[in-house]
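A.B. asks: PDB, C-alpha atoms, pLDDT in the B column, file final-v2.pdb:
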ATOM      1  CA  MET A  24      95.741 115.255 167.280  1.00 43.00           C
ATOM      2  CA  SER A  25      92.784 116.769 165.445  1.00 47.00           C
ATOM      3  CA  ASP A  26      91.935 120.433 165.647  1.00 50.00           C
ATOM      4  CA  LEU A  27      89.576 121.156 168.557  1.00 49.00           C
ATOM      5  CA  ALA A  28      87.868 123.782 166.402  1.00 51.00           C
ATOM      6  CA  SER A  29      86.230 120.915 164.501  1.00 53.00           C
ATOM      7  CA  LEU A  30      84.285 119.789 167.586  1.00 50.00           C
ATOM      8  CA  PRO A  31      80.649 120.843 168.141  1.00 50.00           C
ATOM      9  CA  SER A  32      80.113 124.036 170.070  1.00 51.00           C
ATOM     10  CA  PRO A  33      77.309 126.559 170.517  1.00 50.00           C
ATOM     11  CA  GLU A  34      79.041 128.641 167.830  1.00 56.00           C
ATOM     12  CA  LYS A  35      79.360 125.736 165.358  1.00 60.00           C
ATOM     13  CA  PRO A  36      76.301 123.509 164.943  1.00 61.00           C
ATOM     14  CA  ILE A  37      76.554 119.845 163.951  1.00 61.00           C
ATOM     15  CA  SER A  38      75.278 120.631 160.458  1.00 66.00           C
ATOM     16  CA  GLU A  39      78.406 122.700 159.776  1.00 70.00           C
ATOM     17  CA  LEU A  40      80.958 120.111 160.928  1.00 75.00           C
ATOM     18  CA  SER A  41      83.203 118.107 158.654  1.00 81.00           C
ATOM     19  CA  PRO A  42      83.972 114.409 159.177  1.00 84.00           C
ATOM     20  CA  LEU A  43      87.163 113.510 161.033  1.00 84.00           C
ATOM     21  CA  PRO A  44      90.153 114.217 158.799  1.00 84.00           C
ATOM     22  CA  SER A  45      91.909 111.200 157.294  1.00 87.00           C
ATOM     23  CA  GLU A  46      95.217 112.111 158.942  1.00 88.00           C
ATOM     24  CA  VAL A  47      93.835 111.177 162.390  1.00 87.00           C
ATOM     25  CA  LEU A  48      92.486 107.816 161.184  1.00 90.00           C
ATOM     26  CA  PRO A  49      94.370 104.603 160.440  1.00 91.00           C
ATOM     27  CA  THR A  50      94.834 103.698 156.781  1.00 92.00           C
ATOM     28  CA  GLY A  51      91.698 102.120 155.368  1.00 93.00           C
ATOM     29  CA  ILE A  52      89.207 103.895 157.638  1.00 95.00           C
ATOM     30  CA  ARG A  53      87.073 106.730 156.345  1.00 93.00           C
ATOM     31  CA  ALA A  54      84.818 109.146 158.184  1.00 92.00           C
ATOM     32  CA  ARG A  55      81.612 110.554 156.737  1.00 90.00           C
ATOM     33  CA  PHE A  56      78.141 111.719 157.675  1.00 87.00           C
ATOM     34  CA  VAL A  57      75.034 109.676 156.917  1.00 85.00           C
ATOM     35  CA  SER A  58      71.748 111.579 156.826  1.00 83.00           C
ATOM     36  CA  GLY A  59      68.244 110.252 157.265  1.00 80.00           C
ATOM     37  CA  ILE A  60      68.943 107.880 160.147  1.00 77.00           C
ATOM     38  CA  ASN A  61      65.628 108.218 161.981  1.00 74.00           C
ATOM     39  CA  GLY A  62      65.835 111.979 161.499  1.00 76.00           C
ATOM     40  CA  LEU A  63      69.516 112.161 162.448  1.00 77.00           C
ATOM     41  CA  ARG A  64      72.658 113.113 160.603  1.00 80.00           C
ATOM     42  CA  VAL A  65      75.201 110.673 162.072  1.00 83.00           C
ATOM     43  CA  HIS A  66      78.981 110.824 161.859  1.00 84.00           C
ATOM     44  CA  ILE A  67      80.335 107.341 161.114  1.00 88.00           C
ATOM     45  CA  LEU A  68      83.656 105.615 160.695  1.00 92.00           C
ATOM     46  CA  GLU A  69      83.890 102.677 158.326  1.00 94.00           C
ATOM     47  CA  ALA A  70      86.406 100.262 156.866  1.00 95.00           C
ATOM     48  CA  GLY A  71      85.991  97.736 154.078  1.00 94.00           C
ATOM     49  CA  SER A  72      83.346  99.779 152.285  1.00 87.00           C
ATOM     50  CA  ALA A  73      85.236  99.925 148.983  1.00 85.00           C
ATOM     51  CA  ALA A  74      84.271  96.353 148.057  1.00 83.00           C
ATOM     52  CA  PRO A  75      80.483  96.041 147.625  1.00 86.00           C
ATOM     53  CA  GLY A  76      78.584  93.086 149.027  1.00 88.00           C
ATOM     54  CA  ARG A  77      80.687  92.532 152.128  1.00 93.00           C
ATOM     55  CA  PRO A  78      78.842  91.419 155.268  1.00 93.00           C
ATOM     56  CA  ALA A  79      78.444  94.304 157.699  1.00 91.00           C
ATOM     57  CA  VAL A  80      79.730  94.340 161.251  1.00 92.00           C
ATOM     58  CA  LEU A  81      78.115  97.093 163.298  1.00 91.00           C
ATOM     59  CA  LEU A  82      80.427  98.191 166.098  1.00 90.00           C
ATOM     60  CA  LEU A  83      78.565  99.776 169.002  1.00 82.00           C
ATOM     61  CA  HIS A  84      79.947 101.787 171.870  1.00 77.00           C
ATOM     62  CA  GLY A  85      78.660 103.049 175.163  1.00 69.00           C
ATOM     63  CA  PHE A  86      79.521 106.031 177.297  1.00 67.00           C
ATOM     64  CA  PRO A  87      82.273 107.207 177.587  1.00 71.00           C
ATOM     65  CA  GLU A  88      83.588 105.430 174.472  1.00 75.00           C
ATOM     66  CA  LEU A  89      83.412 106.796 170.902  1.00 81.00           C
ATOM     67  CA  ALA A  90      83.243 105.330 167.405  1.00 84.00           C
ATOM     68  CA  TYR A  91      86.942 106.234 167.277  1.00 87.00           C
ATOM     69  CA  SER A  92      87.533 103.580 169.967  1.00 89.00           C
ATOM     70  CA  TRP A  93      87.072 100.914 167.267  1.00 91.00           C
ATOM     71  CA  ARG A  94      89.802 102.348 165.005  1.00 92.00           C
ATOM     72  CA  LYS A  95      92.299  99.593 165.817  1.00 93.00           C
ATOM     73  CA  ILE A  96      89.939  96.678 165.082  1.00 94.00           C
ATOM     74  CA  MET A  97      88.270  98.089 161.945  1.00 95.00           C
ATOM     75  CA  PRO A  98      91.201  97.497 159.530  1.00 95.00           C
ATOM     76  CA  THR A  99      91.423  93.887 160.738  1.00 96.00           C
ATOM     77  CA  LEU A 100      87.715  93.367 160.056  1.00 96.00           C
ATOM     78  CA  ALA A 101      88.132  94.878 156.584  1.00 95.00           C
ATOM     79  CA  ALA A 102      91.118  92.618 155.867  1.00 95.00           C
ATOM     80  CA  ALA A 103      88.968  89.634 156.872  1.00 96.00           C
ATOM     81  CA  GLY A 104      86.345  90.621 154.283  1.00 96.00           C
ATOM     82  CA  PHE A 105      83.881  92.604 156.393  1.00 96.00           C
ATOM     83  CA  HIS A 106      82.478  96.128 156.172  1.00 95.00           C
ATOM     84  CA  GLY A 107      82.958  97.568 159.664  1.00 94.00           C
ATOM     85  CA  VAL A 108      80.747 100.510 160.648  1.00 92.00           C
ATOM     86  CA  SER A 109      80.627 102.513 163.867  1.00 90.00           C
ATOM     87  CA  GLY A 110      78.617 105.662 164.535  1.00 85.00           C
ATOM     88  CA  TYR A 111      78.733 108.394 167.137  1.00 77.00           C
ATOM     89  CA  TRP A 112      75.543 108.268 169.215  1.00 67.00           C
ATOM     90  CA  HIS A 113      73.255 110.513 171.246  1.00 54.00           C
ATOM     91  CA  GLY A 114      75.188 113.340 172.803  1.00 46.00           C
ATOM     92  CA  ILE A 115      78.570 111.742 172.287  1.00 45.00           C
ATOM     93  CA  ARG A 116      79.869 113.628 169.230  1.00 46.00           C
ATOM     94  CA  ASN A 117      78.918 114.721 165.750  1.00 45.00           C
ATOM     95  CA  GLN A 118      75.254 113.901 165.446  1.00 48.00           C
ATOM     96  CA  ASP A 119      72.122 116.000 165.468  1.00 50.00           C
ATOM     97  CA  ARG A 120      70.566 115.145 168.821  1.00 50.00           C
ATOM     98  CA  SER A 121      71.926 116.024 172.189  1.00 47.00           C
ATOM     99  CA  ILE A 122      71.549 113.698 175.149  1.00 44.00           C
ATOM    100  CA  GLN A 123      70.372 116.718 177.104  1.00 44.00           C
ATOM    101  CA  ASP A 124      67.509 117.182 174.608  1.00 48.00           C
ATOM    102  CA  ASP A 125      66.701 113.558 173.899  1.00 52.00           C
ATOM    103  CA  HIS A 126      67.097 110.538 176.153  1.00 52.00           C
ATOM    104  CA  PRO A 127      66.562 107.654 173.741  1.00 59.00           C
ATOM    105  CA  ASP A 128      64.859 104.545 174.997  1.00 66.00           C
ATOM    106  CA  ASP A 129      65.857 101.070 173.788  1.00 69.00           C
ATOM    107  CA  ASP A 130      63.425 101.171 170.845  1.00 74.00           C
ATOM    108  CA  GLN A 131      64.748 104.558 169.719  1.00 72.00           C
ATOM    109  CA  ALA A 132      68.349 103.391 170.020  1.00 72.00           C
ATOM    110  CA  ALA A 133      67.565 100.202 168.067  1.00 76.00           C
ATOM    111  CA  THR A 134      65.875 102.188 165.288  1.00 77.00           C
ATOM    112  CA  ASP A 135      68.788 104.611 165.071  1.00 75.00           C
ATOM    113  CA  THR A 136      71.327 101.773 165.056  1.00 77.00           C
ATOM    114  CA  SER A 137      69.533  99.707 162.420  1.00 78.00           C
ATOM    115  CA  GLY A 138      69.666 102.704 160.086  1.00 78.00           C
ATOM    116  CA  LEU A 139      73.440 102.236 159.777  1.00 76.00           C
ATOM    117  CA  ILE A 140      73.211  98.692 158.458  1.00 76.00           C
ATOM    118  CA  PRO A 141      74.072  98.903 154.753  1.00 67.00           C
TER     119      PRO A 141
END
What would the structure in this file look like if it were written as structure tokens?
C.D. replies:
Amino acid sequence: MSDLASLPSPEKPISELSPLPSEVLPTGIRARFVSGINGLRVHILEAGSAAPGRPAVLLLHGFPELAYSWRKIMPTLAAAGFHGVSGYWHGIRNQDRSIQDDHPDDDQAATDTSGLIP
């Protein structure tokens, strides 16, 4: 289990967090932050990114799920030749906006989501 100290808190803003450590992820999945997604810095998980030109599969989640929920399917997508990407969204974990501060409408969510498509 990952260290709870790595989770957002009032004492540790999102901008100071590190991506999920590789030891909590299945082989072949990496975690990183992507900046400039409609003004957000989004924590993503991805698999199959090492081979350029692969078709992207954007894996979305809703509350109470997380990008981490896709960890078991992502290696299979990568093995099938896809680049699987899943991000943590509004107020869920490891991104710049809080759901308490920003209730995205469908257009906002679509704009944020499309920013992850490689």
A.B. asks: What's the separation between CA of Arg94 in chain A and CA of Gly110 in chain A, in Å to one decimal place?
C.D. replies: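 CA of Gly110 in chain A lies at a distance of 11.7 Å from CA of Arg94 in chain A.
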A.B. asks: Quick check, in Å to one decimal: how far apart do CA of Leu63 in chain A and CA of Asp135 in chain A lie?
C.D. replies: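 If I compute the distance from CA of Leu63 in chain A to CA of Asp135 in chain A, I get 8.0 Å.
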A.B. asks: Can you translate the PyMOL selection byres ((chain A and resi 44-49) around 9) into the concrete residues it hits in this file, as a PDB file with C-alpha atoms, in the coordinates of the input?
C.D. replies:
ATOM      1  CA  MET A  24      95.741 115.255 167.280  1.00 43.00           C
ATOM      2  CA  SER A  25      92.784 116.769 165.445  1.00 47.00           C
ATOM      3  CA  SER A  41      83.203 118.107 158.654  1.00 81.00           C
ATOM      4  CA  PRO A  42      83.972 114.409 159.177  1.00 84.00           C
ATOM      5  CA  LEU A  43      87.163 113.510 161.033  1.00 84.00           C
ATOM      6  CA  THR A  50      94.834 103.698 156.781  1.00 92.00           C
ATOM      7  CA  GLY A  51      91.698 102.120 155.368  1.00 93.00           C
ATOM      8  CA  ILE A  52      89.207 103.895 157.638  1.00 95.00           C
ATOM      9  CA  ARG A  53      87.073 106.730 156.345  1.00 93.00           C
ATOM     10  CA  ALA A  54      84.818 109.146 158.184  1.00 92.00           C
ATOM     11  CA  TYR A  91      86.942 106.234 167.277  1.00 87.00           C
ATOM     12  CA  ARG A  94      89.802 102.348 165.005  1.00 92.00           C
ATOM     13  CA  LYS A  95      92.299  99.593 165.817  1.00 93.00           C
ATOM     14  CA  PRO A  98      91.201  97.497 159.530  1.00 95.00           C
TER      15      PRO A  98
END
A.B. asks: What do you get, as an NGL selection string, if you spell out every residue that the PyMOL selection byres ((chain A and resi 72-86) around 12) selects here?
C.D. replies: :A and (51-55 or 67-71 or 87-116 or 122 or 132-133 or 135-141)
A.B. asks: May I have the centre and edge lengths, in Å to one decimal, of an axis-aligned box around the listed atoms of range 84-97 of chain A with 6 Å added to every side, as lines of an AutoDock Vina configuration file?
C.D. replies:
center_x = 85.5
center_y = 101.9
center_z = 169.8
size_x = 25.6
size_y = 22.5
size_z = 27.6
A.B. asks: Taking the point (67.7, 111.7, 160.4) as given in the file, collect each protein or nucleic acid residue that comes within 12 Å of it, counting all atoms listed in the file, and present the set as a ChimeraX atom specification.
C.D. replies: /A:38,56-66,118-120,134-136,138-139
A.B. asks: From the structure just shown, export range 57-90 of chain A with N, CA and C atoms as a PDB file, in the first residue's frame.
C.D. replies:
ATOM      1  N   VAL A  57       0.609  15.578 -16.090  1.00  0.00           N
ATOM      2  CA  VAL A  57       0.558  16.294 -17.363  1.00  0.00           C
ATOM      3  C   VAL A  57       0.027  17.686 -17.051  1.00  0.00           C
ATOM      4  N   SER A  58       0.796  18.698 -17.417  1.00  0.00           N
ATOM      5  CA  SER A  58       0.384  20.084 -17.175  1.00  0.00           C
ATOM      6  C   SER A  58      -0.248  20.673 -18.421  1.00  0.00           C
ATOM      7  N   GLY A  59      -0.996  21.745 -18.217  1.00  0.00           N
ATOM      8  CA  GLY A  59      -1.577  22.464 -19.348  1.00  0.00           C
ATOM      9  C   GLY A  59      -2.841  21.837 -19.902  1.00  0.00           C
ATOM     10  N   ILE A  60      -3.518  21.042 -19.124  1.00  0.00           N
ATOM     11  CA  ILE A  60      -4.797  20.459 -19.540  1.00  0.00           C
ATOM     12  C   ILE A  60      -5.887  21.421 -19.099  1.00  0.00           C
ATOM     13  N   ASN A  61      -6.237  22.372 -19.971  1.00  0.00           N
ATOM     14  CA  ASN A  61      -7.264  23.351 -19.656  1.00  0.00           C
ATOM     15  C   ASN A  61      -6.979  24.050 -18.317  1.00  0.00           C
ATOM     16  N   GLY A  62      -5.712  24.355 -18.095  1.00  0.00           N
ATOM     17  CA  GLY A  62      -5.315  25.023 -16.858  1.00  0.00           C
ATOM     18  C   GLY A  62      -5.054  24.091 -15.694  1.00  0.00           C
ATOM     19  N   LEU A  63      -5.160  22.796 -15.908  1.00  0.00           N
ATOM     20  CA  LEU A  63      -4.953  21.815 -14.842  1.00  0.00           C
ATOM     21  C   LEU A  63      -3.598  21.136 -14.947  1.00  0.00           C
ATOM     22  N   ARG A  64      -3.143  20.634 -13.848  1.00  0.00           N
ATOM     23  CA  ARG A  64      -2.026  19.695 -13.785  1.00  0.00           C
ATOM     24  C   ARG A  64      -2.661  18.386 -13.340  1.00  0.00           C
ATOM     25  N   VAL A  65      -2.723  17.401 -14.247  1.00  0.00           N
ATOM     26  CA  VAL A  65      -3.484  16.174 -14.011  1.00  0.00           C
ATOM     27  C   VAL A  65      -2.539  14.989 -13.817  1.00  0.00           C
ATOM     28  N   HIS A  66      -2.822  14.206 -12.804  1.00  0.00           N
ATOM     29  CA  HIS A  66      -2.095  12.968 -12.545  1.00  0.00           C
ATOM     30  C   HIS A  66      -2.709  11.892 -13.425  1.00  0.00           C
ATOM     31  N   ILE A  67      -1.877  11.234 -14.251  1.00  0.00           N
ATOM     32  CA  ILE A  67      -2.396  10.177 -15.122  1.00  0.00           C
ATOM     33  C   ILE A  67      -1.655   8.876 -14.889  1.00  0.00           C
ATOM     34  N   LEU A  68      -2.313   7.801 -15.285  1.00  0.00           N
ATOM     35  CA  LEU A  68      -1.699   6.487 -15.406  1.00  0.00           C
ATOM     36  C   LEU A  68      -1.749   6.143 -16.881  1.00  0.00           C
ATOM     37  N   GLU A  69      -0.702   5.478 -17.374  1.00  0.00           N
ATOM     38  CA  GLU A  69      -0.714   5.079 -18.776  1.00  0.00           C
ATOM     39  C   GLU A  69       0.076   3.800 -18.972  1.00  0.00           C
ATOM     40  N   ALA A  70      -0.309   3.077 -20.016  1.00  0.00           N
ATOM     41  CA  ALA A  70       0.375   1.852 -20.415  1.00  0.00           C
ATOM     42  C   ALA A  70       0.446   1.843 -21.934  1.00  0.00           C
ATOM     43  N   GLY A  71       1.527   1.311 -22.471  1.00  0.00           N
ATOM     44  CA  GLY A  71       1.687   1.244 -23.913  1.00  0.00           C
ATOM     45  C   GLY A  71       2.221   2.522 -24.520  1.00  0.00           C
ATOM     46  N   SER A  72       2.757   3.402 -23.700  1.00  0.00           N
ATOM     47  CA  SER A  72       3.242   4.692 -24.196  1.00  0.00           C
ATOM     48  C   SER A  72       4.653   4.612 -24.772  1.00  0.00           C
ATOM     49  N   ALA A  73       5.353   3.514 -24.517  1.00  0.00           N
ATOM     50  CA  ALA A  73       6.742   3.406 -24.961  1.00  0.00           C
ATOM     51  C   ALA A  73       6.862   3.285 -26.483  1.00  0.00           C
ATOM     52  N   ALA A  74       5.838   2.769 -27.127  1.00  0.00           N
ATOM     53  CA  ALA A  74       5.862   2.611 -28.586  1.00  0.00           C
ATOM     54  C   ALA A  74       5.044   3.734 -29.212  1.00  0.00           C
ATOM     55  N   PRO A  75       5.703   4.672 -29.904  1.00  0.00           N
ATOM     56  CA  PRO A  75       4.968   5.803 -30.495  1.00  0.00           C
ATOM     57  C   PRO A  75       4.012   5.360 -31.600  1.00  0.00           C
ATOM     58  N   GLY A  76       2.972   6.157 -31.783  1.00  0.00           N
ATOM     59  CA  GLY A  76       2.020   5.915 -32.862  1.00  0.00           C
ATOM     60  C   GLY A  76       0.904   4.938 -32.553  1.00  0.00           C
ATOM     61  N   ARG A  77       0.827   4.472 -31.342  1.00  0.00           N
ATOM     62  CA  ARG A  77      -0.254   3.540 -30.982  1.00  0.00           C
ATOM     63  C   ARG A  77      -1.574   4.303 -30.864  1.00  0.00           C
ATOM     64  N   PRO A  78      -2.680   3.681 -31.255  1.00  0.00           N
ATOM     65  CA  PRO A  78      -3.978   4.337 -31.038  1.00  0.00           C
ATOM     66  C   PRO A  78      -4.261   4.462 -29.541  1.00  0.00           C
ATOM     67  N   ALA A  79      -4.808   5.601 -29.156  1.00  0.00           N
ATOM     68  CA  ALA A  79      -5.086   5.858 -27.744  1.00  0.00           C
ATOM     69  C   ALA A  79      -6.461   5.330 -27.351  1.00  0.00           C
ATOM     70  N   VAL A  80      -6.514   4.817 -26.133  1.00  0.00           N
ATOM     71  CA  VAL A  80      -7.771   4.440 -25.495  1.00  0.00           C
ATOM     72  C   VAL A  80      -7.841   5.246 -24.213  1.00  0.00           C
ATOM     73  N   LEU A  81      -8.804   6.145 -24.132  1.00  0.00           N
ATOM     74  CA  LEU A  81      -8.967   6.993 -22.959  1.00  0.00           C
ATOM     75  C   LEU A  81      -9.949   6.320 -22.013  1.00  0.00           C
ATOM     76  N   LEU A  82      -9.477   5.973 -20.841  1.00  0.00           N
ATOM     77  CA  LEU A  82     -10.271   5.257 -19.848  1.00  0.00           C
ATOM     78  C   LEU A  82     -10.799   6.258 -18.831  1.00  0.00           C
ATOM     79  N   LEU A  83     -12.102   6.407 -18.791  1.00  0.00           N
ATOM     80  CA  LEU A  83     -12.742   7.387 -17.907  1.00  0.00           C
ATOM     81  C   LEU A  83     -13.329   6.689 -16.682  1.00  0.00           C
ATOM     82  N   HIS A  84     -13.428   7.426 -15.616  1.00  0.00           N
ATOM     83  CA  HIS A  84     -14.032   6.896 -14.403  1.00  0.00           C
ATOM     84  C   HIS A  84     -14.976   7.932 -13.824  1.00  0.00           C
ATOM     85  N   GLY A  85     -15.879   7.452 -13.025  1.00  0.00           N
ATOM     86  CA  GLY A  85     -16.793   8.335 -12.306  1.00  0.00           C
ATOM     87  C   GLY A  85     -16.631   8.114 -10.822  1.00  0.00           C
ATOM     88  N   PHE A  86     -17.284   8.944 -10.040  1.00  0.00           N
ATOM     89  CA  PHE A  86     -17.224   8.830  -8.597  1.00  0.00           C
ATOM     90  C   PHE A  86     -17.913   7.536  -8.179  1.00  0.00           C
ATOM     91  N   PRO A  87     -17.362   6.753  -7.307  1.00  0.00           N
ATOM     92  CA  PRO A  87     -16.183   6.969  -6.476  1.00  0.00           C
ATOM     93  C   PRO A  87     -14.931   6.285  -7.036  1.00  0.00           C
ATOM     94  N   GLU A  88     -14.922   5.918  -8.290  1.00  0.00           N
ATOM     95  CA  GLU A  88     -13.770   5.242  -8.881  1.00  0.00           C
ATOM     96  C   GLU A  88     -12.590   6.194  -9.069  1.00  0.00           C
ATOM     97  N   LEU A  89     -11.433   5.631  -9.403  1.00  0.00           N
ATOM     98  CA  LEU A  89     -10.187   6.368  -9.611  1.00  0.00           C
ATOM     99  C   LEU A  89      -9.521   5.865 -10.883  1.00  0.00           C
ATOM    100  N   ALA A  90      -8.561   6.601 -11.391  1.00  0.00           N
ATOM    101  CA  ALA A  90      -7.769   6.118 -12.527  1.00  0.00           C
ATOM    102  C   ALA A  90      -7.151   4.761 -12.184  1.00  0.00           C
TER     103      ALA A  90
END
